[in-house]
file final22.cif (mmCIF, C-alpha atoms)
data_work
loop_
_atom_site.label_atom_id
_atom_site.label_comp_id
_atom_site.auth_asym_id
_atom_site.auth_seq_id
_atom_site.Cartn_x
_atom_site.Cartn_y
_atom_site.Cartn_z
CA MET P 1 -46.54 57.25 174.46
CA ARG P 2 -46.23 53.81 176.03
CA ILE P 3 -43.10 54.83 178.02
CA PHE P 4 -44.95 57.94 179.23
CA SER P 5 -47.90 55.82 180.44
CA VAL P 6 -45.61 53.42 182.31
CA ALA P 7 -43.72 56.34 183.88
CA LEU P 8 -47.00 57.98 184.90
CA LEU P 9 -48.32 54.78 186.49
CA PHE P 10 -45.03 54.28 188.32
CA SER P 11 -45.16 57.87 189.63
CA ILE P 12 -48.71 57.38 190.88
CA PHE P 13 -47.70 54.13 192.56
CA LEU P 14 -44.73 55.77 194.33
CA SER P 15 -46.77 58.76 195.49
CA SER P 16 -49.43 56.47 196.97
CA CYS P 17 -46.87 54.53 199.01
CA ASN P 18 -46.47 55.60 202.60
CA PHE P 19 -42.84 56.51 203.21
CA GLU P 20 -43.49 58.43 206.43
CA GLU P 21 -41.37 57.81 209.47
CA LYS P 22 -42.79 55.51 212.09
CA LYS P 23 -45.71 57.25 213.78
CA GLU P 24 -45.93 57.48 217.53
CA VAL P 25 -48.43 55.07 219.06
CA SER P 26 -51.29 57.08 220.59
CA SER P 27 -51.86 54.60 223.41
CA ILE P 28 -48.48 55.65 224.83
CA ASN P 29 -49.51 59.33 224.89
CA PRO P 30 -53.09 59.35 226.20
CA GLU P 31 -55.06 62.48 226.99
CA ASN P 32 -53.47 64.84 229.49
CA TRP P 33 -54.41 63.14 232.77
CA SER P 34 -52.97 66.04 234.80
CA LYS P 35 -56.06 68.12 233.88
CA ARG P 36 -58.17 65.62 235.85
CA LYS P 37 -55.81 65.26 238.83
CA VAL P 38 -57.45 65.62 242.25
CA ASP P 39 -56.48 65.16 245.90
CA VAL P 40 -58.77 62.66 247.63
CA SER P 41 -56.80 62.35 250.90
CA SER P 42 -59.38 64.43 252.81
CA LEU P 43 -62.27 62.31 251.47
CA ASP P 44 -61.96 59.43 253.95
CA SER P 45 -65.56 58.20 253.60
CA LEU P 46 -65.04 56.90 250.04
CA GLU P 47 -65.46 53.21 249.20
CA TYR P 48 -62.44 51.55 247.53
CA GLY P 49 -62.73 49.12 244.63
CA LYS P 50 -60.63 47.34 242.01
CA SER P 51 -61.87 46.13 238.63
CA TYR P 52 -60.44 43.78 236.00
CA LEU P 53 -61.04 44.30 232.25
CA SER P 54 -59.94 41.94 229.48
CA ILE P 55 -58.70 43.59 226.30
CA TYR P 56 -57.67 42.03 223.01
CA SER P 57 -55.01 43.87 221.00
CA GLN P 58 -54.69 40.71 218.88
CA ILE P 59 -56.89 37.71 218.18
CA TYR P 60 -56.10 34.42 216.49
CA SER P 61 -57.08 34.05 212.84
CA LEU P 62 -57.20 30.74 210.96
CA SER P 63 -54.82 29.04 213.45
CA GLU P 64 -52.79 29.63 216.58
CA HIS P 65 -49.90 30.73 214.35
CA LYS P 66 -51.65 33.71 212.72
CA THR P 67 -52.94 36.72 214.60
CA HIS P 68 -55.04 39.71 213.57
CA ASN P 69 -54.37 43.13 215.16
CA LEU P 70 -57.22 45.12 216.69
CA THR P 71 -57.77 48.67 217.87
CA ALA P 72 -59.07 48.69 221.44
CA MET P 73 -60.95 51.49 223.14
CA VAL P 74 -61.01 51.27 226.92
CA SER P 75 -64.02 53.24 228.13
CA MET P 76 -64.04 54.44 231.77
CA ARG P 77 -67.52 55.57 232.77
CA ASN P 78 -69.08 57.21 235.80
CA THR P 79 -72.53 55.63 236.00
CA SER P 80 -73.76 58.02 238.69
CA ASP P 81 -75.96 60.92 237.63
CA GLN P 82 -75.25 62.77 240.91
CA ASP P 83 -71.79 61.99 242.32
CA THR P 84 -68.22 62.40 241.14
CA ILE P 85 -66.08 59.26 241.28
CA TYR P 86 -62.30 58.93 241.43
CA LEU P 87 -60.00 56.73 239.38
CA LEU P 88 -56.78 56.00 241.29
CA LYS P 89 -54.80 53.89 238.82
CA ALA P 90 -55.01 52.28 235.37
CA GLU P 91 -52.48 49.52 234.65
CA TYR P 92 -52.15 47.63 231.35
CA PHE P 93 -50.79 44.04 231.40
CA ASP P 94 -49.78 41.68 228.59
CA THR P 95 -50.83 38.06 227.99
CA HIS P 96 -48.20 36.82 230.45
CA GLY P 97 -49.22 39.19 233.27
CA LYS P 98 -46.27 41.53 232.76
CA LEU P 99 -47.01 45.22 233.30
CA VAL P 100 -46.84 46.99 229.93
CA ARG P 101 -47.61 50.52 231.14
CA THR P 102 -49.36 52.54 233.80
CA TYR P 103 -51.56 55.30 232.39
CA PHE P 104 -51.91 57.22 235.64
CA ASN P 105 -51.14 56.50 239.29
CA HIS P 106 -52.65 59.53 240.95
CA PRO P 107 -56.37 60.16 241.56
CA LEU P 108 -58.45 61.54 238.69
CA TYR P 109 -62.05 62.64 238.86
CA LEU P 110 -64.94 61.68 236.61
CA ALA P 111 -67.95 63.98 236.90
CA PRO P 112 -71.48 62.52 236.99
CA MET P 113 -72.23 60.60 233.76
CA GLU P 114 -68.77 61.47 232.36
CA THR P 115 -66.70 59.08 230.22
CA THR P 116 -63.03 59.10 229.28
CA GLU P 117 -61.06 56.66 227.14
CA ILE P 118 -57.72 55.00 226.59
CA ILE P 119 -57.03 53.92 223.02
CA ILE P 120 -54.75 50.99 222.20
CA ASP P 121 -53.71 51.48 218.56
CA GLU P 122 -53.98 48.61 216.10
CA VAL P 123 -50.19 48.66 215.67
CA ASP P 124 -49.61 48.48 219.45
CA VAL P 125 -49.48 44.71 219.99
CA GLU P 126 -47.45 44.67 223.23
CA GLY P 127 -50.46 43.31 225.11
CA GLY P 128 -50.96 40.33 222.82
CA THR P 129 -53.99 38.07 222.72
CA GLY P 130 -54.67 38.09 226.45
CA SER P 131 -54.01 41.67 227.53
CA ASN P 132 -55.93 43.21 230.42
CA PHE P 133 -56.34 46.22 232.68
CA LEU P 134 -56.58 46.69 236.42
CA PHE P 135 -58.36 49.82 237.63
CA GLU P 136 -58.38 51.10 241.19
CA TRP P 137 -61.11 53.55 242.10
CA LYS P 138 -63.04 55.25 244.91
CA LYS P 139 -66.63 56.37 245.07
CA PRO P 140 -69.01 57.86 247.62
CA LEU P 141 -71.03 55.30 249.60
CA ASN P 142 -74.33 54.31 247.96
CA THR P 143 -73.09 55.51 244.56
CA PRO P 144 -73.11 53.12 241.58
CA GLU P 145 -69.76 51.54 240.67
CA PRO P 146 -67.84 52.85 237.68
CA LEU P 147 -68.14 50.84 234.47
CA PHE P 148 -65.09 49.85 232.44
CA GLU P 149 -65.69 48.50 228.94
CA GLY P 150 -63.47 47.42 226.09
CA VAL P 151 -64.51 47.90 222.48
CA MET P 152 -62.24 46.08 220.03
CA ASN P 153 -62.51 46.55 216.27
CA SER P 154 -60.74 46.24 212.98
CA THR P 155 -61.64 46.78 209.36
CA VAL P 156 -59.90 45.39 206.31
CA GLY P 157 -61.41 46.28 202.95
CA GLN P 158 -65.14 45.78 203.31
CA GLN P 159 -64.83 43.35 206.23
CA GLY P 160 -65.30 44.53 209.79
CA LEU P 161 -64.86 42.92 213.18
CA SER P 162 -66.10 44.38 216.45
CA PHE P 163 -66.83 43.08 219.95
CA THR P 164 -66.98 44.30 223.54
CA THR P 165 -65.92 43.24 227.02
CA GLN P 166 -67.05 44.47 230.44
CA SER P 167 -65.12 44.77 233.67
CA LYS P 168 -65.52 42.60 236.71
CA ARG P 169 -65.07 43.95 240.23
CA ILE P 170 -62.36 41.93 242.00
CA LYS P 171 -62.02 43.87 245.24
#
call {"tool": "encode", "arguments": {"input": "final22.cif", "output": "C-alpha cells"}}
result
Amino acid sequence: MRIFSVALLFSIFLSSCNFEEKKEVSSINPENWSKRKVDVSSLDSLEYGKSYLSIYSQIYSLSEHKTHNLTAMVSMRNTSDQDTIYLLKAEYFDTHGKLVRTYFNHPLYLAPMETTEIIIDEVDVEGGTGSNFLFEWKKPLNTPEPLFEGVMNSTVGQQGLSFTTQSKRIK
C-alpha cells in the first residue's frame, strides 16, 4: 500500500509539471494591425505629434542584482469623442536605447473613444528595467491628443504588484 501511495503521489507530481514546448511570446505577435491600416497621404491638414512612454518589463527587487518580471499593457487611446486619429508608428526600445521591435510602421486609425493595446508578456524581458515606447501620430486640428498609458502588473501567490505610467508628448 505504501509503494502504491508513493507511486500515486509521484504520478500526480509529474502530471502537474509543465513539460510543454516554449510558448510563443504574445508581444511579438500583436493583434492584426493590417485590419486598421489606412492611407493618410490625402489628409494634409492633420497635426503631427510624437509621444514617449516608459514601460517596465522588469523592476529591481531587494537589490540591484535581483529583478522581478512584469506583464505590461500598453494602452493606445483616442480621447476624442468625435474625430478619428491616426497612429503612424509604435517602436519599443530597451534600457540602453536599442530598438527591440517595431509594432507597425504604417498609419492605423483609432475611431472616436477607441482603445487598442500592445501586451508585453511577463517572460519577455528584452526591454529590461528601463524600456520605453515612441509613438508617432496624427490628428485633426483642435482634436485632443491621443493618450498612451502603461499598466504593469505581476502576481505571485497572494501578492500582487501593479502601477501605471502615462505618455509625454515630445514633439
call {"tool": "residues_around", "arguments": {"input": "final22.cif", "residues": "region 55-57 of chain P", "least_positions_apart": "6", "cutoff": "9 Å", "atoms": "all atoms listed in the file", "output": "PDB file with C-alpha atoms, in the frame of the given file"}}
result
ATOM      1  CA  HIS P  68     -55.040  39.710 213.570  1.00  0.00           C
ATOM      2  CA  ASN P  69     -54.370  43.130 215.160  1.00  0.00           C
ATOM      3  CA  LEU P  70     -57.220  45.120 216.690  1.00  0.00           C
ATOM      4  CA  THR P  71     -57.770  48.670 217.870  1.00  0.00           C
ATOM      5  CA  ALA P  72     -59.070  48.690 221.440  1.00  0.00           C
ATOM      6  CA  MET P  73     -60.950  51.490 223.140  1.00  0.00           C
ATOM      7  CA  VAL P  74     -61.010  51.270 226.920  1.00  0.00           C
ATOM      8  CA  ILE P 120     -54.750  50.990 222.200  1.00  0.00           C
ATOM      9  CA  ASP P 121     -53.710  51.480 218.560  1.00  0.00           C
ATOM     10  CA  GLU P 122     -53.980  48.610 216.100  1.00  0.00           C
ATOM     11  CA  VAL P 123     -50.190  48.660 215.670  1.00  0.00           C
ATOM     12  CA  ASP P 124     -49.610  48.480 219.450  1.00  0.00           C
ATOM     13  CA  VAL P 125     -49.480  44.710 219.990  1.00  0.00           C
ATOM     14  CA  GLU P 126     -47.450  44.670 223.230  1.00  0.00           C
ATOM     15  CA  GLY P 127     -50.460  43.310 225.110  1.00  0.00           C
ATOM     16  CA  GLY P 128     -50.960  40.330 222.820  1.00  0.00           C
ATOM     17  CA  THR P 129     -53.990  38.070 222.720  1.00  0.00           C
ATOM     18  CA  GLY P 130     -54.670  38.090 226.450  1.00  0.00           C
ATOM     19  CA  SER P 131     -54.010  41.670 227.530  1.00  0.00           C
ATOM     20  CA  ASN P 132     -55.930  43.210 230.420  1.00  0.00           C
ATOM     21  CA  PHE P 133     -56.340  46.220 232.680  1.00  0.00           C
ATOM     22  CA  GLU P 149     -65.690  48.500 228.940  1.00  0.00           C
ATOM     23  CA  GLY P 150     -63.470  47.420 226.090  1.00  0.00           C
ATOM     24  CA  VAL P 151     -64.510  47.900 222.480  1.00  0.00           C
ATOM     25  CA  MET P 152     -62.240  46.080 220.030  1.00  0.00           C
ATOM     26  CA  THR P 164     -66.980  44.300 223.540  1.00  0.00           C
ATOM     27  CA  THR P 165     -65.920  43.240 227.020  1.00  0.00           C
TER      28      THR P 165
END
call {"tool": "axis_aligned_box", "arguments": {"input": "final22.cif", "around": "region 125-141 of chain P", "padding_each_side": "4 Å", "output": "lines of an AutoDock Vina configuration file"}}
result
center_x = -59.2
center_y = 48.0
center_z = 234.8
size_x = 31.6
size_y = 27.8
size_z = 37.6
call {"tool": "resolve_selection", "arguments": {"input": "final22.cif", "expression": "the PyMOL selection byres ((chain P and resi 103) around 6)", "output": "JSON, numbers by chain"}}
result
{"P": [90, 102, 104]}
call {"tool": "residues_around", "arguments": {"input": "final22.cif", "residues": "His106 (chain P)", "least_positions_apart": "5", "cutoff": "8 Å", "atoms": "only C-alpha atoms", "output": "list in words"}}
result
Lys37, Val38, Leu88 and Lys89 of chain P
call {"tool": "write_last_selection", "arguments": {"input": "final22.cif", "atoms": "C-alpha atoms", "output": "PDB file, in the frame of the given file"}}
result
ATOM      1  CA  LYS P  37     -55.810  65.260 238.830  1.00  0.00           C
ATOM      2  CA  VAL P  38     -57.450  65.620 242.250  1.00  0.00           C
ATOM      3  CA  LEU P  88     -56.780  56.000 241.290  1.00  0.00           C
ATOM      4  CA  LYS P  89     -54.800  53.890 238.820  1.00  0.00           C
TER       5      LYS P  89
END
call {"tool": "closest_residue", "arguments": {"input": "final22.cif", "among": "P:Ser162, P:Ser80, P:Thr95, P:Ser51", "to": "Glu136 (chain P)", "atoms": "only C-alpha atoms"}}
result
P:Ser51
call {"tool": "resolve_selection", "arguments": {"input": "final22.cif", "expression": "the PyMOL selection byres ((chain P and resi 39-43) around 12)", "output": "compact mmCIF listing (two decimals) with C-alpha atoms, keeping the file's coordinate frame"}}
result
# COMPACT_ATOMS: atom_id res chain seq x y z
CA SER P 34 -52.97 66.04 234.80
CA ARG P 36 -58.17 65.62 235.85
CA LYS P 37 -55.81 65.26 238.83
CA VAL P 38 -57.45 65.62 242.25
CA ASP P 44 -61.96 59.43 253.95
CA SER P 45 -65.56 58.20 253.60
CA LEU P 46 -65.04 56.90 250.04
CA GLU P 47 -65.46 53.21 249.20
CA TYR P 48 -62.44 51.55 247.53
CA THR P 84 -68.22 62.40 241.14
CA ILE P 85 -66.08 59.26 241.28
CA TYR P 86 -62.30 58.93 241.43
CA LEU P 87 -60.00 56.73 239.38
CA LEU P 88 -56.78 56.00 241.29
CA HIS P 106 -52.65 59.53 240.95
CA PRO P 107 -56.37 60.16 241.56
CA LEU P 108 -58.45 61.54 238.69
CA TYR P 109 -62.05 62.64 238.86
CA TRP P 137 -61.11 53.55 242.10
CA LYS P 138 -63.04 55.25 244.91
CA LYS P 139 -66.63 56.37 245.07
CA PRO P 140 -69.01 57.86 247.62
CA LEU P 141 -71.03 55.30 249.60
call {"tool": "resolve_selection", "arguments": {"input": "final22.cif", "expression": "the PyMOL selection byres ((chain P and resi 78) around 8)", "output": "PyMOL selection string"}}
result
chain P and resi 76-77+79-80+84-85+110-115+145-147
call {"tool": "atom_distance", "arguments": {"input": "final22.cif", "atom1": "CA of Glu91 (chain P)", "atom2": "CA of Thr116 (chain P)"}}
result
15.2 Å
call {"tool": "atom_distance", "arguments": {"input": "final22.cif", "atom1": "CA of Phe93 (chain P)", "atom2": "CA of Lys171 (chain P)"}}
result
17.8 Å
call {"tool": "atom_distance", "arguments": {"input": "final22.cif", "atom1": "CA of Gly160 (chain P)", "atom2": "CA of Tyr92 (chain P)"}}
result
25.4 Å
call {"tool": "closest_residue", "arguments": {"input": "final22.cif", "among": "P:Val100, P:Val156, P:Ser75, P:Lys35", "to": "Glu117 (chain P)", "atoms": "all atoms listed in the file"}}
result
P:Ser75
call {"tool": "closest_residue", "arguments": {"input": "final22.cif", "among": "P:Gln58, P:Gln82, P:Asn105, P:His96", "to": "Ser154 (chain P)", "atoms": "all atoms listed in the file"}}
result
P:Gln58
call {"tool": "decode", "arguments": {"input": "final22.cif", "residues": "region 33-57 of chain P", "atoms": "N, CA, C and O atoms", "output": "compact mmCIF listing (two decimals), in the first residue's frame"}}
result
# COMPACT_ATOMS: atom_id res chain seq x y z
N TRP P 33 -2.55 44.25 -37.18
CA TRP P 33 -2.58 45.69 -37.44
C TRP P 33 -3.06 46.00 -38.85
O TRP P 33 -3.54 47.10 -39.11
N SER P 34 -2.96 45.05 -39.78
CA SER P 34 -3.37 45.32 -41.16
C SER P 34 -4.87 45.62 -41.25
O SER P 34 -5.31 46.29 -42.18
N LYS P 35 -5.66 45.14 -40.31
CA LYS P 35 -7.10 45.44 -40.30
C LYS P 35 -7.37 46.92 -40.04
O LYS P 35 -8.43 47.42 -40.36
N ARG P 36 -6.42 47.62 -39.44
CA ARG P 36 -6.58 49.03 -39.09
C ARG P 36 -5.83 49.95 -40.04
O ARG P 36 -5.82 51.15 -39.85
N LYS P 37 -5.15 49.39 -41.03
CA LYS P 37 -4.31 50.17 -41.94
C LYS P 37 -5.16 51.18 -42.71
O LYS P 37 -6.27 50.89 -43.14
N VAL P 38 -4.59 52.39 -42.88
CA VAL P 38 -5.30 53.46 -43.57
C VAL P 38 -4.28 54.34 -44.30
O VAL P 38 -3.13 54.46 -43.87
N ASP P 39 -4.71 54.94 -45.39
CA ASP P 39 -3.85 55.87 -46.14
C ASP P 39 -4.21 57.29 -45.72
O ASP P 39 -5.33 57.74 -45.88
N VAL P 40 -3.23 58.00 -45.13
CA VAL P 40 -3.47 59.37 -44.68
C VAL P 40 -2.79 60.41 -45.56
O VAL P 40 -2.78 61.59 -45.24
N SER P 41 -2.25 59.98 -46.71
CA SER P 41 -1.49 60.91 -47.56
C SER P 41 -2.36 62.06 -48.09
O SER P 41 -1.86 63.15 -48.32
N SER P 42 -3.64 61.83 -48.27
CA SER P 42 -4.52 62.89 -48.78
C SER P 42 -5.03 63.80 -47.66
O SER P 42 -5.66 64.82 -47.92
N LEU P 43 -4.75 63.45 -46.41
CA LEU P 43 -5.21 64.25 -45.27
C LEU P 43 -4.09 65.16 -44.80
O LEU P 43 -3.47 64.96 -43.77
N ASP P 44 -3.82 66.22 -45.59
CA ASP P 44 -2.66 67.08 -45.32
C ASP P 44 -2.89 68.11 -44.22
O ASP P 44 -1.96 68.79 -43.80
N SER P 45 -4.10 68.22 -43.69
CA SER P 45 -4.36 69.21 -42.64
C SER P 45 -4.18 68.62 -41.23
O SER P 45 -4.49 69.28 -40.24
N LEU P 46 -3.66 67.41 -41.12
CA LEU P 46 -3.51 66.77 -39.81
C LEU P 46 -2.29 67.29 -39.08
O LEU P 46 -1.25 67.58 -39.68
N GLU P 47 -2.41 67.39 -37.76
CA GLU P 47 -1.30 67.81 -36.90
C GLU P 47 -0.48 66.58 -36.51
O GLU P 47 -1.02 65.55 -36.13
N TYR P 48 0.86 66.70 -36.61
CA TYR P 48 1.77 65.61 -36.29
C TYR P 48 2.22 65.70 -34.83
O TYR P 48 2.39 66.80 -34.29
N GLY P 49 2.41 64.57 -34.19
CA GLY P 49 2.93 64.54 -32.83
C GLY P 49 3.74 63.27 -32.59
O GLY P 49 3.64 62.29 -33.32
N LYS P 50 4.55 63.32 -31.54
CA LYS P 50 5.34 62.16 -31.11
C LYS P 50 5.28 62.11 -29.59
O LYS P 50 5.42 63.14 -28.93
N SER P 51 5.04 60.92 -29.05
CA SER P 51 4.91 60.75 -27.60
C SER P 51 5.86 59.66 -27.11
O SER P 51 6.11 58.68 -27.80
N TYR P 52 6.36 59.87 -25.88
CA TYR P 52 7.25 58.94 -25.21
C TYR P 52 6.49 58.28 -24.06
O TYR P 52 5.77 58.95 -23.33
N LEU P 53 6.66 56.96 -23.88
CA LEU P 53 6.02 56.24 -22.79
C LEU P 53 7.03 55.30 -22.15
O LEU P 53 7.63 54.47 -22.84
N SER P 54 7.24 55.44 -20.84
CA SER P 54 8.11 54.50 -20.13
C SER P 54 7.32 53.24 -19.79
O SER P 54 6.14 53.30 -19.44
N ILE P 55 8.02 52.11 -19.93
CA ILE P 55 7.43 50.80 -19.65
C ILE P 55 8.44 50.02 -18.82
O ILE P 55 9.64 50.16 -19.01
N TYR P 56 7.97 49.20 -17.93
CA TYR P 56 8.85 48.39 -17.10
C TYR P 56 8.52 46.92 -17.30
O TYR P 56 7.50 46.45 -16.81
N SER P 57 9.37 46.19 -18.04
CA SER P 57 9.16 44.75 -18.16
C SER P 57 9.85 44.03 -17.01
O SER P 57 9.58 42.86 -16.76
